[in-house]
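entry.pdb (PDB, C-alpha atoms)
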```
MODEL        1
ATOM      1  CA  MET A   1      69.463  35.616 103.270
ATOM      2  CA  ASP A   2      72.292  33.410 104.360
ATOM      3  CA  TYR A   3      75.140  34.462 102.103
ATOM      4  CA  LYS A   4      77.159  31.414 103.142
ATOM      5  CA  LYS A   5      74.680  29.038 101.491
ATOM      6  CA  SER A   6      74.149  31.122  98.364
ATOM      7  CA  LYS A   7      74.542  29.545  94.955
ATOM      8  CA  ALA A   8      75.787  32.811  93.452
ATOM      9  CA  PRO A   9      78.856  32.462  91.230
ATOM     10  CA  THR A  10      82.192  33.596  92.611
ATOM     11  CA  ASN A  11      83.264  35.166  89.331
ATOM     12  CA  THR A  12      81.669  37.538  86.849
ATOM     13  CA  VAL A  13      78.750  36.238  84.807
ATOM     14  CA  THR A  14      77.422  37.819  81.629
ATOM     15  CA  ARG A  15      73.700  38.450  81.975
ATOM     16  CA  ASN A  16      71.014  39.499  79.573
ATOM     17  CA  ILE A  17      70.021  43.053  80.452
ATOM     18  CA  MET A  18      66.444  42.450  79.366
ATOM     19  CA  ASP A  19      66.116  39.685  81.976
ATOM     20  CA  LEU A  20      67.086  42.141  84.706
ATOM     21  CA  CYS A  21      64.495  44.715  83.713
ATOM     22  CA  ASP A  22      61.597  42.243  83.319
ATOM     23  CA  GLU A  23      60.388  42.709  86.875
ATOM     24  CA  THR A  24      60.655  46.504  87.124
ATOM     25  CA  GLY A  25      60.354  47.522  83.478
ATOM     26  CA  ASN A  26      63.365  49.789  83.820
ATOM     27  CA  ILE A  27      67.011  48.673  83.813
ATOM     28  CA  TYR A  28      68.117  51.689  85.873
ATOM     29  CA  GLU A  29      65.584  50.928  88.581
ATOM     30  CA  SER A  30      66.729  47.296  88.642
ATOM     31  CA  VAL A  31      70.380  48.324  88.966
ATOM     32  CA  ALA A  32      69.509  50.760  91.776
ATOM     33  CA  ILE A  33      67.670  47.992  93.653
ATOM     34  CA  ILE A  34      70.563  45.571  93.174
ATOM     35  CA  GLY A  35      73.045  48.237  94.296
ATOM     36  CA  LYS A  36      71.147  49.022  97.480
ATOM     37  CA  ARG A  37      70.819  45.326  98.300
ATOM     38  CA  ALA A  38      74.560  44.840  97.630
ATOM     39  CA  ASN A  39      75.316  47.603 100.154
ATOM     40  CA  GLN A  40      73.133  45.838 102.734
ATOM     41  CA  ILE A  41      74.865  42.508 102.120
ATOM     42  CA  SER A  42      78.297  44.137 102.249
ATOM     43  CA  SER A  43      77.632  45.754 105.620
ATOM     44  CA  GLU A  44      76.226  42.468 106.966
ATOM     45  CA  ILE A  45      79.336  40.556 105.859
ATOM     46  CA  LYS A  46      81.610  43.240 107.317
ATOM     47  CA  GLN A  47      79.853  43.137 110.681
ATOM     48  CA  ASP A  48      80.043  39.346 110.747
ATOM     49  CA  LEU A  49      83.739  39.337 109.859
ATOM     50  CA  SER A  50      84.559  42.068 112.382
ATOM     51  CA  LYS A  51      82.727  40.157 115.095
ATOM     52  CA  LYS A  52      84.670  36.981 114.367
ATOM     53  CA  LEU A  53      88.040  38.738 114.105
ATOM     54  CA  SER A  54      87.491  40.722 117.299
ATOM     55  CA  GLU A  55      87.892  37.464 119.229
ATOM     56  CA  PHE A  56      91.526  37.392 118.126
ATOM     57  CA  ALA A  57      92.308  41.045 118.765
ATOM     58  CA  SER A  58      95.192  41.750 121.098
ATOM     59  CA  TYR A  59      95.449  45.171 122.623
ATOM     60  CA  ASN A  60      99.212  45.620 122.734
ATOM     61  CA  ASP A  61     100.882  48.931 122.091
ATOM     62  CA  SER A  62     104.111  47.414 120.858
ATOM     63  CA  LEU A  63     104.502  47.345 117.104
ATOM     64  CA  GLU A  64     107.344  44.849 117.273
ATOM     65  CA  GLU A  65     105.190  41.924 118.286
ATOM     66  CA  VAL A  66     103.061  40.685 115.428
ATOM     67  CA  PHE A  67     101.341  37.388 115.945
ATOM     68  CA  GLU A  68     100.023  35.287 113.101
ATOM     69  CA  ASN A  69      97.053  33.380 114.273
ATOM     70  CA  ARG A  70      96.225  30.417 112.044
ATOM     71  CA  GLU A  71      92.503  30.548 112.835
ATOM     72  CA  GLN A  72      92.349  34.240 112.000
ATOM     73  CA  ILE A  73      93.997  33.589 108.634
ATOM     74  CA  GLU A  74      91.536  30.760 107.908
ATOM     75  CA  ILE A  75      88.569  33.022 108.654
ATOM     76  CA  SER A  76      89.958  35.774 106.432
ATOM     77  CA  ARG A  77      90.530  33.352 103.570
ATOM     78  CA  TYR A  78      87.006  31.995 103.891
ATOM     79  CA  TYR A  79      85.525  35.490 103.589
ATOM     80  CA  GLU A  80      87.790  36.309 100.645
ATOM     81  CA  LYS A  81      86.451  33.275  98.761
ATOM     82  CA  LEU A  82      82.807  34.261  99.226
ATOM     83  CA  PRO A  83      81.010  35.752  96.213
ATOM     84  CA  LYS A  84      81.068  39.537  96.022
ATOM     85  CA  PRO A  85      78.019  41.368  97.424
ATOM     86  CA  THR A  86      77.003  42.576  93.939
ATOM     87  CA  LEU A  87      76.892  38.993  92.670
ATOM     88  CA  LEU A  88      74.870  37.903  95.700
ATOM     89  CA  ALA A  89      72.434  40.798  95.249
ATOM     90  CA  THR A  90      72.042  40.137  91.521
ATOM     91  CA  GLU A  91      71.357  36.461  92.168
ATOM     92  CA  GLU A  92      68.725  37.369  94.777
ATOM     93  CA  PHE A  93      67.088  39.824  92.384
ATOM     94  CA  VAL A  94      66.991  37.339  89.494
ATOM     95  CA  GLU A  95      65.483  34.665  91.767
ATOM     96  CA  GLY A  96      62.860  37.147  93.019
ATOM     97  CA  ASN A  97      64.018  37.114  96.645
ATOM     98  CA  VAL A  98      64.387  40.897  96.976
ATOM     99  CA  TYR A  99      61.511  42.949  98.358
ATOM    100  CA  TYR A 100      61.377  46.504  97.103
ATOM    101  CA  ARG A 101      58.797  49.231  96.725
ATOM    102  CA  ASP A 102      58.591  52.592  95.032
ATOM    103  CA  PRO A 103      56.946  55.232  97.244
ATOM    104  CA  SER A 104      56.328  57.562  94.273
ATOM    105  CA  LYS A 105      54.212  54.919  92.529
ATOM    106  CA  GLU A 106      52.269  54.244  95.727
ATOM    107  CA  GLN A 107      51.342  57.947  96.048
ATOM    108  CA  GLU A 108      50.104  58.081  92.453
ATOM    109  CA  GLU A 109      47.598  55.295  93.157
ATOM    110  CA  PHE A 110      45.814  57.289  95.876
TER     111      PHE A 110
ENDMDL
END
```
Would you mind writing the structure in this file as structure tokens?
Amino acid sequence: MDYKKSKAPTNTVTRNIMDLCDETGNIYESVAIIGKRANQISSEIKQDLSKKLSEFASYNDSLEEVFENREQIEISRYYEKLPKPTLLATEEFVEGNVYYRDPSKEQEEF
């Protein structure tokens, strides 16, 4: 998923718990799925941000020289304004865009 084009809200939204457990039948399982997806999104965003900020890295040993790079500040502000990974993951789950499986249920079928 492209988190930059997501329509997830940037602030907290009250949701009906019963809507979250419709797909799995268990609210705890739904929250676990959303949590794992949020961790994936968070690591993806962190890698993307680190890659973009590494272009501006200067490898000086002097602590006296601190440079403020306007582009670096703009990138940081953009990432700060993005919705939180939990909101992105919840939006994906509600829309049905998250693939998940339960290995214990698959073994019971055999």
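The residue that comes closest to Glu29 (chain A), out of A:Gln47, A:Glu106, A:Tyr100, A:Ile41 and on the basis of all atoms listed in the file, is A:Tyr100.
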A straight line from CA of Ala89 (chain A) to CA of Arg37 (chain A) spans 5.7 Å
Next item on the list: Decode the PyMOL selection byres ((chain A and resi 93) around 10) for the given file into explicit residues and return them as a ChimeraX atom specification.
Entry: /A:20,23,30-31,33-34,37,87-92,94-100
Pairwise distance, CA of Thr10 (chain A) with CA of Tyr79 (chain A), equals 11.6 Å
Among A:Asn26, A:Cys21, A:Leu49, A:Ser54, Ile75 (chain A) is approached most closely, using only C-alpha atoms, by A:Leu49
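With only C-alpha atoms as the basis for measurement, A:Phe56 is the residue among A:Phe56, A:Gly35, A:Met18, A:Tyr28 that approaches Asn69 (chain A) most closely.
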Please write out, as JSON, where the centre of an axis-aligned box around all listed atoms of region 7-26 of chain A lies and how long its edges are, in Å to one decimal, after adding 4 Å on each side.
```
{"center_x": 71.8, "center_y": 39.7, "center_z": 87.2, "size_x": 30.9, "size_y": 28.2, "size_z": 23.6}
```
One decimal place gives the CA of Thr14 (chain A)-CA of Arg101 (chain A) separation as 26.6 Å
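Of the residues under consideration (A:Asp102, A:Ser42, A:Ser50, A:Asp19), A:Ser42 shows the shortest atom-to-atom contact distance to Leu82 (chain A) when counting only C-alpha atoms.
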What lies within 12 Å of Lys81 (chain A) using only C-alpha atoms, ignoring chain neighbours under 2 positions off, as a ChimeraX atom specification? /A:3-4,8-11,74-79,83-85
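The shortest atom-to-atom distance to Lys51 (chain A), with all atoms listed in the file taken into account, belongs to A:Gln72 out of A:Ala38, A:Lys5, A:Thr12, A:Gln72.
Closest to Thr86 (chain A) among A:Glu55, A:Val13, A:Gly25, A:Ser104 is A:Val13, based on all atoms listed in the file.
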File for region 9-79 of chain A (C-alpha atoms), as an mmCIF file, in the first residue's frame:
```cif
data_model
loop_
_atom_site.group_PDB
_atom_site.id
_atom_site.type_symbol
_atom_site.label_atom_id
_atom_site.label_comp_id
_atom_site.auth_asym_id
_atom_site.auth_seq_id
_atom_site.Cartn_x
_atom_site.Cartn_y
_atom_site.Cartn_z
ATOM 1 C CA PRO A 9 -7.519 10.247 9.033
ATOM 2 C CA THR A 10 -4.606 12.052 10.642
ATOM 3 C CA ASN A 11 -6.280 12.181 14.041
ATOM 4 C CA THR A 12 -8.028 9.663 16.263
ATOM 5 C CA VAL A 13 -11.389 8.339 15.108
ATOM 6 C CA THR A 14 -13.921 6.574 17.306
ATOM 7 C CA ARG A 15 -14.855 3.243 15.756
ATOM 8 C CA ASN A 16 -17.492 0.681 16.510
ATOM 9 C CA ILE A 17 -15.749 -2.358 17.965
ATOM 10 C CA MET A 18 -18.301 -4.702 16.438
ATOM 11 C CA ASP A 19 -17.362 -3.458 12.955
ATOM 12 C CA LEU A 20 -13.743 -4.428 13.579
ATOM 13 C CA CYS A 21 -14.571 -7.967 14.635
ATOM 14 C CA ASP A 22 -17.021 -8.681 11.781
ATOM 15 C CA GLU A 23 -14.366 -10.194 9.548
ATOM 16 C CA THR A 24 -12.552 -12.346 12.119
ATOM 17 C CA GLY A 25 -15.290 -12.923 14.686
ATOM 18 C CA ASN A 26 -12.919 -11.990 17.485
ATOM 19 C CA ILE A 27 -11.926 -8.447 18.480
ATOM 20 C CA TYR A 28 -8.587 -9.601 19.922
ATOM 21 C CA GLU A 29 -7.644 -11.329 16.688
ATOM 22 C CA SER A 30 -8.580 -8.197 14.734
ATOM 23 C CA VAL A 31 -6.462 -5.998 17.007
ATOM 24 C CA ALA A 32 -3.512 -8.403 16.689
ATOM 25 C CA ILE A 33 -3.779 -8.283 12.884
ATOM 26 C CA ILE A 34 -3.992 -4.486 12.892
ATOM 27 C CA GLY A 35 -1.025 -4.275 15.276
ATOM 28 C CA LYS A 36 1.175 -6.496 13.134
ATOM 29 C CA ARG A 37 0.262 -4.537 10.009
ATOM 30 C CA ALA A 38 0.991 -1.255 11.845
ATOM 31 C CA ASN A 39 4.477 -2.566 12.690
ATOM 32 C CA GLN A 40 5.053 -3.389 9.012
ATOM 33 C CA ILE A 41 3.910 0.069 7.919
ATOM 34 C CA SER A 42 6.018 1.742 10.604
ATOM 35 C CA SER A 43 9.190 -0.041 9.517
ATOM 36 C CA GLU A 44 8.449 0.779 5.862
ATOM 37 C CA ILE A 45 8.003 4.481 6.667
ATOM 38 C CA LYS A 46 11.172 4.492 8.777
ATOM 39 C CA GLN A 47 13.226 2.915 6.001
ATOM 40 C CA ASP A 48 11.854 5.397 3.476
ATOM 41 C CA LEU A 49 12.576 8.367 5.737
ATOM 42 C CA SER A 50 16.072 7.127 6.591
ATOM 43 C CA LYS A 51 16.840 6.657 2.909
ATOM 44 C CA LYS A 52 15.746 10.196 2.085
ATOM 45 C CA LEU A 53 17.557 11.771 5.043
ATOM 46 C CA SER A 54 20.773 9.866 4.359
ATOM 47 C CA GLU A 55 21.241 12.038 1.267
ATOM 48 C CA PHE A 56 21.735 15.016 3.574
ATOM 49 C CA ALA A 57 24.019 13.325 6.080
ATOM 50 C CA SER A 58 27.371 14.965 6.653
ATOM 51 C CA TYR A 59 30.092 12.936 8.258
ATOM 52 C CA ASN A 60 31.849 15.598 10.309
ATOM 53 C CA ASP A 61 33.287 14.913 13.719
ATOM 54 C CA SER A 62 32.940 18.475 14.921
ATOM 55 C CA LEU A 63 29.954 19.118 17.141
ATOM 56 C CA GLU A 64 30.230 22.871 16.714
ATOM 57 C CA GLU A 65 29.060 22.908 13.129
ATOM 58 C CA VAL A 66 25.359 22.230 12.847
ATOM 59 C CA PHE A 67 23.802 22.876 9.492
ATOM 60 C CA GLU A 68 20.092 23.363 9.005
ATOM 61 C CA ASN A 69 19.135 22.121 5.633
ATOM 62 C CA ARG A 70 15.787 23.476 4.455
ATOM 63 C CA GLU A 71 15.023 20.419 2.319
ATOM 64 C CA GLN A 72 15.733 18.086 5.219
ATOM 65 C CA ILE A 73 13.336 20.043 7.431
ATOM 66 C CA GLU A 74 10.642 19.917 4.727
ATOM 67 C CA ILE A 75 10.983 16.140 4.427
ATOM 68 C CA SER A 76 10.781 15.705 8.197
ATOM 69 C CA ARG A 77 7.674 17.872 8.410
ATOM 70 C CA TYR A 78 6.012 15.923 5.617
ATOM 71 C CA TYR A 79 6.560 12.632 7.450
#
```
